[in-house]
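Colleague: What follows is a single structure, and I will ask about it in a moment.
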Amino acid sequence: MEPMLARTVSRLPEGPRWRYEPKWDGYRAIAERGAERTLLTSRAGNSFTATFPEVAAAVHEALPPGTAVDGEIVRWSPEGRLDFDAVQRRGRSGPAAARRLARTEPCHYVVFDLLREKGADVAARPLDERRGRLAALFREAAQPVLMLGWHTASLEVARQWYEEMPAVGVEGLVVKDGRAPYRPGRREWQKYKRRVTTEAVVGGVTGSPEHPGQLVLGRRDSATGELRIVGRTAELSRTERAAVAPLLRAAEGDHPWPAVLPASWGSHRSREYTRVVPEAVVEVAPDTAVSAGRWRHVVRYVRPRPDLDAADVPADLDIES
(Lines give C-alpha, C1' and ligand atoms only; values in the text may rest on other atoms or scores of the structure.)
Protein backbone atom coordinates (compact mmCIF):
# COMPACT_ATOMS: atom_id res chain seq x y z
CA MET A 1 0.00 0.00 0.00
CA GLU A 2 1.28 3.45 -0.87
CA PRO A 3 1.46 5.88 2.04
CA MET A 4 -0.89 8.84 2.20
CA LEU A 5 0.98 12.11 1.69
CA ALA A 6 0.81 15.73 2.82
CA ARG A 7 1.02 19.10 1.08
CA THR A 8 2.58 22.20 2.60
CA VAL A 9 0.26 24.96 3.83
CA SER A 10 1.13 28.46 4.97
CA ARG A 11 -1.49 28.66 7.73
CA LEU A 12 -2.42 26.26 10.48
CA PRO A 13 -5.94 24.91 9.77
CA GLU A 14 -8.43 25.51 12.55
CA GLY A 15 -11.80 23.93 13.25
CA PRO A 16 -13.43 20.94 14.94
CA ARG A 17 -12.63 18.41 12.20
CA TRP A 18 -8.84 18.86 12.34
CA ARG A 19 -6.41 16.57 14.15
CA TYR A 20 -2.80 17.56 14.78
CA GLU A 21 0.37 15.47 14.98
CA PRO A 22 4.09 16.28 15.16
CA LYS A 23 5.94 16.03 11.85
CA TRP A 24 8.62 13.51 12.72
CA ASP A 25 12.04 13.68 11.01
CA GLY A 26 12.94 10.19 9.87
CA TYR A 27 12.12 7.53 7.27
CA ARG A 28 8.47 6.85 6.45
CA ALA A 29 7.61 3.16 6.54
CA ILE A 30 4.56 0.90 6.43
CA ALA A 31 4.83 -2.20 8.60
CA GLU A 32 2.85 -5.35 7.77
CA ARG A 33 2.79 -8.02 10.47
CA GLY A 34 2.24 -11.37 8.82
CA ALA A 35 1.83 -14.79 10.35
CA GLU A 36 5.46 -15.76 9.71
CA ARG A 37 7.33 -12.47 9.40
CA THR A 38 6.98 -8.70 9.39
CA LEU A 39 7.71 -6.54 6.36
CA LEU A 40 8.79 -2.90 6.44
CA THR A 41 8.32 -0.96 3.21
CA SER A 42 9.60 2.51 2.41
CA ARG A 43 7.62 5.33 0.84
CA ALA A 44 9.29 4.47 -2.49
CA GLY A 45 8.27 0.81 -2.19
CA ASN A 46 11.69 -0.53 -1.14
CA SER A 47 12.18 -3.05 1.65
CA PHE A 48 13.38 -1.73 5.01
CA THR A 49 13.04 -5.10 6.75
CA ALA A 50 16.78 -5.89 6.83
CA THR A 51 17.72 -2.22 7.15
CA PHE A 52 15.91 -1.75 10.47
CA PRO A 53 15.84 -5.26 11.97
CA GLU A 54 15.06 -4.04 15.51
CA VAL A 55 11.94 -2.25 14.23
CA ALA A 56 10.73 -5.28 12.28
CA ALA A 57 11.32 -7.49 15.33
CA ALA A 58 9.45 -5.09 17.63
CA VAL A 59 6.43 -4.93 15.34
CA HIS A 60 6.40 -8.73 15.04
CA GLU A 61 6.55 -9.15 18.80
CA ALA A 62 4.05 -6.45 19.82
CA LEU A 63 1.33 -6.41 17.15
CA PRO A 64 -1.00 -9.27 16.22
CA PRO A 65 -0.87 -11.05 12.84
CA GLY A 66 -2.85 -9.33 10.10
CA THR A 67 -1.94 -5.82 11.31
CA ALA A 68 -0.62 -3.08 9.00
CA VAL A 69 0.42 0.31 10.34
CA ASP A 70 1.92 3.52 8.99
CA GLY A 71 4.64 5.43 10.79
CA GLU A 72 8.08 7.05 10.84
CA ILE A 73 11.38 5.40 11.73
CA VAL A 74 13.41 7.83 13.85
CA ARG A 75 16.58 7.83 15.92
CA TRP A 76 16.84 9.74 19.20
CA SER A 77 20.33 11.01 19.96
CA PRO A 78 21.76 10.70 23.50
CA GLU A 79 21.02 14.42 23.84
CA GLY A 80 17.33 13.81 23.17
CA ARG A 81 17.13 15.22 19.63
CA LEU A 82 16.01 13.51 16.46
CA ASP A 83 19.13 12.37 14.61
CA PHE A 84 18.37 12.11 10.90
CA ASP A 85 22.03 11.47 10.06
CA ALA A 86 21.88 8.23 12.06
CA VAL A 87 18.77 7.12 10.18
CA GLN A 88 20.52 7.91 6.90
CA ARG A 89 23.57 5.89 7.93
CA ARG A 90 21.28 2.94 8.47
CA GLY A 91 19.62 3.49 5.11
CA ARG A 92 22.99 3.21 3.38
CA SER A 93 24.06 0.11 5.32
CA GLY A 94 24.12 -3.48 4.20
CA PRO A 95 22.44 -6.19 6.31
CA ALA A 96 25.49 -6.94 8.48
CA ALA A 97 26.20 -3.28 9.21
CA ALA A 98 22.49 -2.67 9.86
CA ARG A 99 22.45 -5.43 12.48
CA ARG A 100 25.50 -3.88 14.16
CA LEU A 101 24.00 -0.39 14.11
CA ALA A 102 20.73 -1.77 15.48
CA ARG A 103 22.71 -2.55 18.65
CA THR A 104 24.80 0.64 18.84
CA GLU A 105 22.35 3.18 17.38
CA PRO A 106 18.87 1.64 17.77
CA CYS A 107 15.93 3.35 16.10
CA HIS A 108 12.30 3.75 17.12
CA TYR A 109 9.12 3.42 15.11
CA VAL A 110 6.57 6.19 15.69
CA VAL A 111 3.23 4.69 14.61
CA PHE A 112 0.45 7.12 13.66
CA ASP A 113 -2.10 5.20 11.58
CA LEU A 114 -3.78 1.81 11.35
CA LEU A 115 -4.43 0.37 7.88
CA ARG A 116 -5.31 -3.26 8.61
CA GLU A 117 -6.53 -5.02 11.74
CA LYS A 118 -6.84 -8.80 12.15
CA GLY A 119 -6.51 -9.05 8.37
CA ALA A 120 -9.41 -6.65 7.71
CA ASP A 121 -8.78 -3.45 5.73
CA VAL A 122 -9.68 -0.44 7.89
CA ALA A 123 -8.10 2.25 5.69
CA ALA A 124 -11.54 3.29 4.42
CA ARG A 125 -12.74 4.04 7.96
CA PRO A 126 -12.57 7.62 9.31
CA LEU A 127 -9.31 8.69 10.91
CA ASP A 128 -10.93 9.10 14.32
CA GLU A 129 -12.03 5.47 14.26
CA ARG A 130 -8.67 4.23 13.01
CA ARG A 131 -6.91 6.21 15.71
CA GLY A 132 -9.13 4.77 18.42
CA ARG A 133 -8.41 1.23 17.25
CA LEU A 134 -4.68 1.99 17.04
CA ALA A 135 -4.62 3.35 20.60
CA ALA A 136 -6.38 0.17 21.78
CA LEU A 137 -3.70 -1.96 20.08
CA PHE A 138 -0.94 0.00 21.79
CA ARG A 139 -2.46 -0.52 25.20
CA GLU A 140 -1.50 -4.18 24.68
CA ALA A 141 1.84 -3.48 22.97
CA ALA A 142 4.61 -3.26 25.57
CA GLN A 143 7.56 -2.80 23.22
CA PRO A 144 10.03 0.07 23.86
CA VAL A 145 11.03 0.34 20.18
CA LEU A 146 7.42 1.18 19.24
CA MET A 147 5.91 4.56 20.07
CA LEU A 148 2.33 5.66 19.54
CA GLY A 149 2.58 8.98 17.72
CA TRP A 150 1.27 12.05 19.50
CA HIS A 151 -2.18 13.12 18.31
CA THR A 152 -4.53 15.87 19.47
CA ALA A 153 -7.74 17.63 18.50
CA SER A 154 -6.74 20.63 20.64
CA LEU A 155 -5.54 23.66 18.72
CA GLU A 156 -3.94 24.98 21.90
CA VAL A 157 -1.91 21.80 22.37
CA ALA A 158 -0.92 21.80 18.69
CA ARG A 159 0.35 25.36 18.95
CA GLN A 160 2.35 24.42 22.04
CA TRP A 161 3.96 21.54 20.14
CA TYR A 162 4.68 23.87 17.24
CA GLU A 163 6.47 26.32 19.51
CA GLU A 164 8.35 23.87 21.73
CA MET A 165 9.19 20.78 19.68
CA PRO A 166 11.70 22.34 17.22
CA ALA A 167 14.11 22.14 20.18
CA VAL A 168 14.22 18.36 19.64
CA GLY A 169 14.24 18.49 15.83
CA VAL A 170 10.52 18.21 15.03
CA GLU A 171 9.87 20.13 11.81
CA GLY A 172 6.30 21.23 12.45
CA LEU A 173 2.83 19.70 12.38
CA VAL A 174 0.86 17.33 10.16
CA VAL A 175 -2.83 18.20 10.08
CA LYS A 176 -5.46 15.58 9.21
CA ASP A 177 -9.23 15.51 8.82
CA GLY A 178 -10.67 13.32 11.57
CA ARG A 179 -13.58 12.30 9.30
CA ALA A 180 -11.48 11.24 6.32
CA PRO A 181 -10.36 7.77 5.18
CA TYR A 182 -6.75 6.85 4.46
CA ARG A 183 -6.20 7.50 0.75
CA PRO A 184 -2.96 5.86 -0.45
CA GLY A 185 -0.82 8.12 -2.63
CA ARG A 186 -3.13 11.10 -2.20
CA ARG A 187 -1.65 14.34 -0.89
CA GLU A 188 -4.62 15.26 1.30
CA TRP A 189 -2.97 15.66 4.68
CA GLN A 190 -1.46 19.07 5.37
CA LYS A 191 1.96 19.92 6.79
CA TYR A 192 2.60 23.18 8.56
CA LYS A 193 6.35 23.53 8.93
CA ARG A 194 8.05 25.84 11.34
CA ARG A 195 10.43 28.34 9.83
CA VAL A 196 12.33 31.06 11.61
CA THR A 197 14.54 33.65 10.01
CA THR A 198 18.27 33.91 10.52
CA GLU A 199 21.30 35.15 8.62
CA ALA A 200 23.91 33.52 6.42
CA VAL A 201 26.89 34.61 4.33
CA VAL A 202 26.67 34.26 0.55
CA GLY A 203 29.75 32.42 -0.67
CA GLY A 204 28.54 31.42 -4.11
CA VAL A 205 25.72 31.55 -6.63
CA THR A 206 24.38 29.52 -9.49
CA GLY A 207 24.47 31.66 -12.58
CA SER A 208 26.52 34.83 -12.20
CA PRO A 209 26.84 37.49 -9.50
CA GLU A 210 24.95 39.87 -11.79
CA HIS A 211 22.15 37.36 -12.37
CA PRO A 212 22.15 34.88 -9.45
CA GLY A 213 19.86 31.87 -9.64
CA GLN A 214 20.35 30.32 -6.20
CA LEU A 215 22.50 31.53 -3.33
CA VAL A 216 24.99 29.12 -1.78
CA LEU A 217 25.12 29.90 1.93
CA GLY A 218 27.89 29.73 4.47
CA ARG A 219 28.45 29.82 8.22
CA ARG A 220 31.63 29.97 10.27
CA ASP A 221 32.57 26.72 12.02
CA SER A 222 32.79 27.59 15.72
CA ALA A 223 35.57 25.03 16.25
CA THR A 224 37.86 25.94 13.33
CA GLY A 225 36.76 29.41 12.26
CA GLU A 226 36.43 28.21 8.66
CA LEU A 227 33.53 29.26 6.45
CA ARG A 228 31.56 26.12 5.58
CA ILE A 229 28.78 25.53 3.07
CA VAL A 230 25.59 25.03 5.08
CA GLY A 231 22.76 25.38 2.56
CA ARG A 232 21.33 26.93 -0.55
CA THR A 233 18.26 28.91 -1.32
CA ALA A 234 15.42 28.06 -3.64
CA GLU A 235 15.54 29.70 -7.07
CA LEU A 236 15.34 33.47 -6.70
CA SER A 237 12.61 35.52 -8.30
CA ARG A 238 13.45 38.43 -10.60
CA THR A 239 12.78 40.91 -7.79
CA GLU A 240 14.95 38.96 -5.36
CA ARG A 241 17.80 38.74 -7.86
CA ALA A 242 17.68 42.51 -8.39
CA ALA A 243 17.82 43.11 -4.63
CA VAL A 244 20.81 40.90 -3.85
CA ALA A 245 22.94 41.20 -7.02
CA PRO A 246 24.45 44.62 -6.13
CA LEU A 247 25.96 43.07 -2.99
CA LEU A 248 27.79 40.28 -4.84
CA ARG A 249 31.31 40.30 -6.29
CA ALA A 250 32.96 37.43 -8.12
CA ALA A 251 35.81 35.97 -6.08
CA GLU A 252 39.32 36.29 -7.45
CA GLY A 253 42.08 34.12 -6.09
CA ASP A 254 41.70 32.10 -2.91
CA HIS A 255 38.29 30.95 -1.77
CA PRO A 256 37.52 28.44 1.03
CA TRP A 257 35.05 26.43 -1.04
CA PRO A 258 35.48 23.84 -3.83
CA ALA A 259 34.95 24.74 -7.47
CA VAL A 260 31.82 22.58 -7.80
CA LEU A 261 28.99 21.78 -5.41
CA PRO A 262 28.91 18.23 -4.00
CA ALA A 263 27.04 15.59 -5.98
CA SER A 264 24.90 14.84 -2.92
CA TRP A 265 23.09 18.16 -3.23
CA GLY A 266 19.87 17.04 -4.87
CA SER A 267 21.42 15.42 -7.93
CA HIS A 268 23.65 12.52 -8.91
CA ARG A 269 26.40 14.74 -10.30
CA SER A 270 28.40 17.69 -9.10
CA ARG A 271 27.04 21.09 -10.00
CA GLU A 272 28.96 24.13 -11.21
CA TYR A 273 28.48 27.45 -9.50
CA THR A 274 30.24 30.79 -9.20
CA ARG A 275 32.15 31.60 -6.06
CA VAL A 276 31.70 35.12 -4.73
CA VAL A 277 33.54 37.14 -2.12
CA PRO A 278 32.00 35.89 1.15
CA GLU A 279 30.94 39.27 2.47
CA ALA A 280 27.25 39.70 1.58
CA VAL A 281 24.77 38.74 4.31
CA VAL A 282 21.20 37.66 3.62
CA GLU A 283 18.25 36.77 5.82
CA VAL A 284 16.87 33.30 5.17
CA ALA A 285 14.17 31.04 6.61
CA PRO A 286 15.40 27.44 7.04
CA ASP A 287 13.29 24.70 8.56
CA THR A 288 14.53 22.56 11.43
CA ALA A 289 15.78 19.63 9.31
CA VAL A 290 19.57 19.34 9.37
CA SER A 291 21.99 16.70 8.15
CA ALA A 292 25.80 16.51 8.22
CA GLY A 293 26.05 20.06 9.51
CA ARG A 294 23.84 21.53 6.79
CA TRP A 295 20.26 22.62 6.37
CA ARG A 296 18.90 19.57 4.59
CA HIS A 297 16.22 21.33 2.53
CA VAL A 298 16.56 24.40 0.36
CA VAL A 299 15.92 27.50 2.43
CA ARG A 300 13.66 30.42 1.63
CA TYR A 301 15.42 33.67 0.82
CA VAL A 302 13.87 36.58 2.73
CA ARG A 303 15.90 39.72 2.02
CA PRO A 304 19.43 41.15 1.80
CA ARG A 305 21.00 42.48 4.99
CA PRO A 306 23.49 45.17 3.91
CA ASP A 307 23.37 46.46 7.49
CA LEU A 308 25.21 43.34 8.73
CA ASP A 309 28.78 42.16 8.31
CA ALA A 310 29.80 38.52 7.93
CA ALA A 311 31.09 38.66 11.53
CA ASP A 312 27.53 39.36 12.73
CA VAL A 313 26.20 36.04 11.38
CA PRO A 314 25.69 33.19 13.91
CA ALA A 315 28.14 30.31 13.81
CA ASP A 316 27.38 26.72 12.79
CA LEU A 317 23.61 26.28 12.35
CA ASP A 318 22.60 28.44 15.30
CA ILE A 319 19.54 30.56 14.68
CA GLU A 320 20.59 33.36 17.01
CA SER A 321 24.08 34.71 17.62
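Chains: A, B, ... in order of the C-alpha coordinates. Residues: from 1 per chain. Ligands: from 1, in order shown.
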Just the residues within 9 Å of A:Arg187, please, counting only C-alpha atoms, with nothing from its chain fewer than 4 positions along; format it as a count of residues only.
Modeller: 5
Colleague: Could you name the residues that touch stretch 280-290 of chain A at 8 Å or less, counting only C-alpha atoms, but leaving out those on the same chain fewer than 2 positions away, as a VMD selection string?
Modeller: chain A and resid 25 84 166 169 to 171 193 to 202 233 247 to 248 277 to 278 292 to 306 308 to 310 313
Colleague: Using only C-alpha atoms, which protein or nucleic acid residues come within 9 Å of A:Gln143? Drop anything in the same chain fewer than 4 positions from it, and give the result as a VMD selection string.
Modeller: chain A and resid 58 to 59 61 to 62 147
Colleague: Show which residues sit within 10 Å of A:Leu261, as a PDB file with N, CA and C atoms, in the first residue's frame. Count only C-alpha atoms, and ignore same-chain residues fewer than 5 positions away.
Modeller:
ATOM      1  N   GLY A 204      28.596  31.829  -2.724  1.00  0.00           N
ATOM      2  CA  GLY A 204      28.538  31.422  -4.115  1.00  0.00           C
ATOM      3  C   GLY A 204      27.132  31.553  -4.652  1.00  0.00           C
ATOM      4  N   THR A 206      24.525  30.125  -8.173  1.00  0.00           N
ATOM      5  CA  THR A 206      24.377  29.522  -9.492  1.00  0.00           C
ATOM      6  C   THR A 206      24.085  30.667 -10.453  1.00  0.00           C
ATOM      7  N   VAL A 216      24.345  30.159  -2.561  1.00  0.00           N
ATOM      8  CA  VAL A 216      24.993  29.120  -1.778  1.00  0.00           C
ATOM      9  C   VAL A 216      25.460  29.774  -0.478  1.00  0.00           C
ATOM     10  N   ILE A 229      30.063  25.529   3.776  1.00  0.00           N
ATOM     11  CA  ILE A 229      28.781  25.534   3.067  1.00  0.00           C
ATOM     12  C   ILE A 229      27.734  24.880   3.969  1.00  0.00           C
ATOM     13  N   ARG A 269      25.138  14.235  -9.768  1.00  0.00           N
ATOM     14  CA  ARG A 269      26.398  14.739 -10.303  1.00  0.00           C
ATOM     15  C   ARG A 269      26.713  16.078  -9.650  1.00  0.00           C
ATOM     16  N   SER A 270      28.003  16.406  -9.663  1.00  0.00           N
ATOM     17  CA  SER A 270      28.404  17.686  -9.096  1.00  0.00           C
ATOM     18  C   SER A 270      27.834  18.817  -9.957  1.00  0.00           C
ATOM     19  N   ARG A 271      27.690  19.975  -9.329  1.00  0.00           N
ATOM     20  CA  ARG A 271      27.039  21.086 -10.003  1.00  0.00           C
ATOM     21  C   ARG A 271      27.937  22.310  -9.979  1.00  0.00           C
ATOM     22  N   GLU A 272      28.121  22.935 -11.134  1.00  0.00           N
ATOM     23  CA  GLU A 272      28.956  24.126 -11.207  1.00  0.00           C
ATOM     24  C   GLU A 272      28.226  25.322 -10.597  1.00  0.00           C
ATOM     25  N   TYR A 273      29.022  26.211 -10.034  1.00  0.00           N
ATOM     26  CA  TYR A 273      28.475  27.452  -9.497  1.00  0.00           C
ATOM     27  C   TYR A 273      29.584  28.492  -9.534  1.00  0.00           C
ATOM     28  N   THR A 274      29.260  29.707  -9.195  1.00  0.00           N
ATOM     29  CA  THR A 274      30.239  30.790  -9.200  1.00  0.00           C
ATOM     30  C   THR A 274      30.529  31.210  -7.779  1.00  0.00           C
TER      31      THR A 274
END
Colleague: Skip stretch 38-42 of chain A itself and residues of its chain fewer than 3 positions away, then list as an NGL selection string all residues within 10 Å of it, counting only C-alpha atoms.
Modeller: :A and (1-3 or 27-35 or 45-53 or 55-61 or 63 or 65-70 or 72-73)
Colleague: With N, CA and C atoms retained, export the selected residues as a JSON list (two decimals), in the first residue's frame.
Modeller:
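The resulting file, out-v2.json, is reproduced below:
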[["chain", "number", "residue", "atom", "x", "y", "z"],
["A", 1, "MET", "N", 0.84, -1.20, 0.00],
["A", 1, "MET", "CA", 0.00, 0.00, 0.00],
["A", 1, "MET", "C", 0.88, 1.24, 0.00],
["A", 2, "GLU", "N", 0.56, 2.18, -0.88],
["A", 2, "GLU", "CA", 1.28, 3.45, -0.87],
["A", 2, "GLU", "C", 0.90, 4.26, 0.36],
["A", 3, "PRO", "N", 1.83, 5.03, 0.91],
["A", 3, "PRO", "CA", 1.46, 5.88, 2.04],
["A", 3, "PRO", "C", 0.66, 7.10, 1.58],
["A", 27, "TYR", "N", 12.47, 8.26, 8.49],
["A", 27, "TYR", "CA", 12.12, 7.53, 7.27],
["A", 27, "TYR", "C", 10.69, 7.00, 7.41],
["A", 28, "ARG", "N", 9.85, 7.34, 6.48],
["A", 28, "ARG", "CA", 8.47, 6.85, 6.45],
["A", 28, "ARG", "C", 8.48, 5.36, 6.11],
["A", 29, "ALA", "N", 7.65, 4.60, 6.81],
["A", 29, "ALA", "CA", 7.61, 3.16, 6.54],
["A", 29, "ALA", "C", 6.25, 2.60, 6.91],
["A", 30, "ILE", "N", 5.76, 1.68, 6.10],
["A", 30, "ILE", "CA", 4.56, 0.90, 6.43],
["A", 30, "ILE", "C", 5.01, -0.47, 6.89],
["A", 31, "ALA", "N", 4.49, -0.90, 8.04],
["A", 31, "ALA", "CA", 4.83, -2.20, 8.60],
["A", 31, "ALA", "C", 3.63, -3.14, 8.46],
["A", 32, "GLU", "N", 3.89, -4.33, 7.94],
["A", 32, "GLU", "CA", 2.85, -5.35, 7.77],
["A", 32, "GLU", "C", 3.27, -6.59, 8.56],
["A", 33, "ARG", "N", 2.49, -6.89, 9.60],
["A", 33, "ARG", "CA", 2.79, -8.02, 10.47],
["A", 33, "ARG", "C", 2.06, -9.25, 9.95],
["A", 34, "GLY", "N", 2.83, -10.15, 9.32],
["A", 34, "GLY", "CA", 2.24, -11.37, 8.82],
["A", 34, "GLY", "C", 2.30, -12.48, 9.84],
["A", 35, "ALA", "N", 1.82, -13.65, 9.44],
["A", 35, "ALA", "CA", 1.83, -14.79, 10.35],
["A", 35, "ALA", "C", 3.25, -15.28, 10.62],
["A", 45, "GLY", "N", 8.58, 2.20, -1.90],
["A", 45, "GLY", "CA", 8.27, 0.81, -2.19],
["A", 45, "GLY", "C", 9.42, -0.14, -1.98],
["A", 46, "ASN", "N", 10.54, 0.33, -1.40],
["A", 46, "ASN", "CA", 11.69, -0.53, -1.14],
["A", 46, "ASN", "C", 11.57, -1.19, 0.23],
["A", 47, "SER", "N", 12.24, -2.32, 0.38],
["A", 47, "SER", "CA", 12.18, -3.05, 1.65],
["A", 47, "SER", "C", 13.11, -2.42, 2.67],
["A", 48, "PHE", "N", 12.60, -2.18, 3.88],
["A", 48, "PHE", "CA", 13.38, -1.73, 5.01],
["A", 48, "PHE", "C", 13.54, -2.84, 6.06],
["A", 49, "THR", "N", 13.09, -4.05, 5.75],
["A", 49, "THR", "CA", 13.04, -5.10, 6.75],
["A", 49, "THR", "C", 14.43, -5.44, 7.28],
["A", 50, "ALA", "N", 15.41, -5.59, 6.39],
["A", 50, "ALA", "CA", 16.78, -5.89, 6.83],
["A", 50, "ALA", "C", 17.52, -4.64, 7.25],
["A", 51, "THR", "N", 17.05, -3.47, 6.82],
["A", 51, "THR", "CA", 17.72, -2.22, 7.15],
["A", 51, "THR", "C", 17.48, -1.81, 8.60],
["A", 52, "PHE", "N", 16.28, -2.09, 9.09],
["A", 52, "PHE", "CA", 15.91, -1.75, 10.47],
["A", 52, "PHE", "C", 15.40, -3.01, 11.17],
["A", 53, "PRO", "N", 16.29, -3.96, 11.44],
["A", 53, "PRO", "CA", 15.84, -5.26, 11.97],
["A", 53, "PRO", "C", 15.20, -5.14, 13.36],
["A", 55, "VAL", "N", 13.31, -2.73, 14.41],
["A", 55, "VAL", "CA", 11.94, -2.25, 14.23],
["A", 55, "VAL", "C", 11.04, -3.39, 13.76],
["A", 56, "ALA", "N", 11.52, -4.14, 12.76],
["A", 56, "ALA", "CA", 10.73, -5.28, 12.28],
["A", 56, "ALA", "C", 10.47, -6.27, 13.40],
["A", 57, "ALA", "N", 11.49, -6.55, 14.23],
["A", 57, "ALA", "CA", 11.32, -7.49, 15.33],
["A", 57, "ALA", "C", 10.33, -6.98, 16.36],
["A", 58, "ALA", "N", 10.36, -5.67, 16.64],
["A", 58, "ALA", "CA", 9.45, -5.09, 17.63],
["A", 58, "ALA", "C", 8.01, -5.16, 17.15],
["A", 59, "VAL", "N", 7.79, -4.84, 15.89],
["A", 59, "VAL", "CA", 6.43, -4.93, 15.34],
["A", 59, "VAL", "C", 5.93, -6.37, 15.40],
["A", 60, "HIS", "N", 6.81, -7.31, 15.05],
["A", 60, "HIS", "CA", 6.40, -8.73, 15.04],
["A", 60, "HIS", "C", 6.05, -9.21, 16.44],
["A", 61, "GLU", "N", 6.78, -8.71, 17.43],
["A", 61, "GLU", "CA", 6.55, -9.15, 18.80],
["A", 61, "GLU", "C", 5.30, -8.50, 19.41],
["A", 63, "LEU", "N", 2.61, -6.55, 17.84],
["A", 63, "LEU", "CA", 1.33, -6.41, 17.15],
["A", 63, "LEU", "C", 0.83, -7.76, 16.66],
["A", 65, "PRO", "N", -0.89, -10.76, 14.28],
["A", 65, "PRO", "CA", -0.87, -11.05, 12.84],
["A", 65, "PRO", "C", -2.06, -10.39, 12.14],
["A", 66, "GLY", "N", -1.81, -9.98, 10.88],
["A", 66, "GLY", "CA", -2.85, -9.33, 10.10],
["A", 66, "GLY", "C", -2.94, -7.83, 10.34],
["A", 67, "THR", "N", -1.95, -7.26, 11.03],
["A", 67, "THR", "CA", -1.94, -5.82, 11.31],
["A", 67, "THR", "C", -1.03, -5.11, 10.32],
["A", 68, "ALA", "N", -1.46, -3.96, 9.82],
["A", 68, "ALA", "CA", -0.62, -3.08, 9.00],
["A", 68, "ALA", "C", -0.75, -1.67, 9.55],
["A", 69, "VAL", "N", 0.40, -1.03, 9.77],
["A", 69, "VAL", "CA", 0.42, 0.31, 10.34],
["A", 69, "VAL", "C", 1.34, 1.21, 9.52],
["A", 70, "ASP", "N", 1.11, 2.50, 9.66],
["A", 70, "ASP", "CA", 1.92, 3.52, 8.99],
["A", 70, "ASP", "C", 2.65, 4.31, 10.06],
["A", 72, "GLU", "N", 6.79, 6.44, 11.16],
["A", 72, "GLU", "CA", 8.08, 7.05, 10.84],
["A", 72, "GLU", "C", 9.16, 6.40, 11.69],
["A", 73, "ILE", "N", 10.22, 5.94, 11.03],
["A", 73, "ILE", "CA", 11.38, 5.40, 11.73],
["A", 73, "ILE", "C", 12.30, 6.56, 12.10]]
Colleague: Would you list, as an NGL selection string, the residues of stretch 55-288 of chain A that end up in alpha helix (DSSP H) under DSSP run on this structure's backbone?
Modeller: :A and (55-62 or 84-91 or 95-104 or 127-138 or 155-164 or 238-244)
Colleague: Taking into account only C-alpha atoms, which residue in the set A:Glu252, A:Glu279, A:Glu188, A:Glu129 is nearest to A:Leu227?
Modeller: A:Glu279
Colleague: Counting only C-alpha atoms, figure out which residue out of A:Ala102, A:Val168, A:Leu317, A:Ala311 gets nearest to A:Asp83.
Modeller: A:Val168
Colleague: Just the residues within 8 Å of A:Gly213, please, counting only C-alpha atoms, with nothing from its chain fewer than 4 positions along; format it as a list in words.
Modeller: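 Final neighbour list, sorted by chain and number: Val205, Thr206, Gly207, Ser208, Glu235, Leu236 and Arg241 of chain A.
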Colleague: Please provide the set of residues having any atom within 7 Å of stretch 86-90 of chain A, restricted to only C-alpha atoms, with same-chain residues fewer than 3 positions apart removed, written as a list in words.
Modeller: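 My reading of the contact set: Gly26, Thr51, Val74, Arg75, Asp83, Ser93 and Ala98 of chain A.
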Colleague: Can you write just those residues out, N, CA and C atoms, as an mmCIF file, in the first residue's frame?
Modeller:
data_model
loop_
_atom_site.group_PDB
_atom_site.id
_atom_site.type_symbol
_atom_site.label_atom_id
_atom_site.label_comp_id
_atom_site.auth_asym_id
_atom_site.auth_seq_id
_atom_site.Cartn_x
_atom_site.Cartn_y
_atom_site.Cartn_z
ATOM 1 N N GLY A 26 12.321 11.489 10.018
ATOM 2 C CA GLY A 26 12.943 10.186 9.870
ATOM 3 C C GLY A 26 12.604 9.581 8.526
ATOM 4 N N THR A 51 17.048 -3.474 6.824
ATOM 5 C CA THR A 51 17.722 -2.217 7.154
ATOM 6 C C THR A 51 17.479 -1.805 8.596
ATOM 7 N N VAL A 74 12.586 6.718 13.378
ATOM 8 C CA VAL A 74 13.407 7.827 13.849
ATOM 9 C C VAL A 74 14.524 7.289 14.737
ATOM 10 N N ARG A 75 15.501 8.136 14.987
ATOM 11 C CA ARG A 75 16.578 7.834 15.919
ATOM 12 C C ARG A 75 16.698 9.010 16.883
ATOM 13 N N ASP A 83 17.844 12.449 15.302
ATOM 14 C CA ASP A 83 19.129 12.370 14.606
ATOM 15 C C ASP A 83 18.906 11.759 13.223
ATOM 16 N N SER A 93 23.326 1.271 4.825
ATOM 17 C CA SER A 93 24.065 0.106 5.322
ATOM 18 C C SER A 93 23.577 -1.195 4.698
ATOM 19 N N ALA A 98 23.766 -3.068 9.258
ATOM 20 C CA ALA A 98 22.493 -2.668 9.858
ATOM 21 C C ALA A 98 22.257 -3.395 11.178
#
Colleague: Pick out each residue of stretch 93-258 of chain A that DSSP on the backbone tags as strand (DSSP E or B); I need them as a PyMOL selection string.
Modeller: chain A and resi 108-117+120-121+146-148+152+172-177+187-193+198-207+212-220+227-233+250
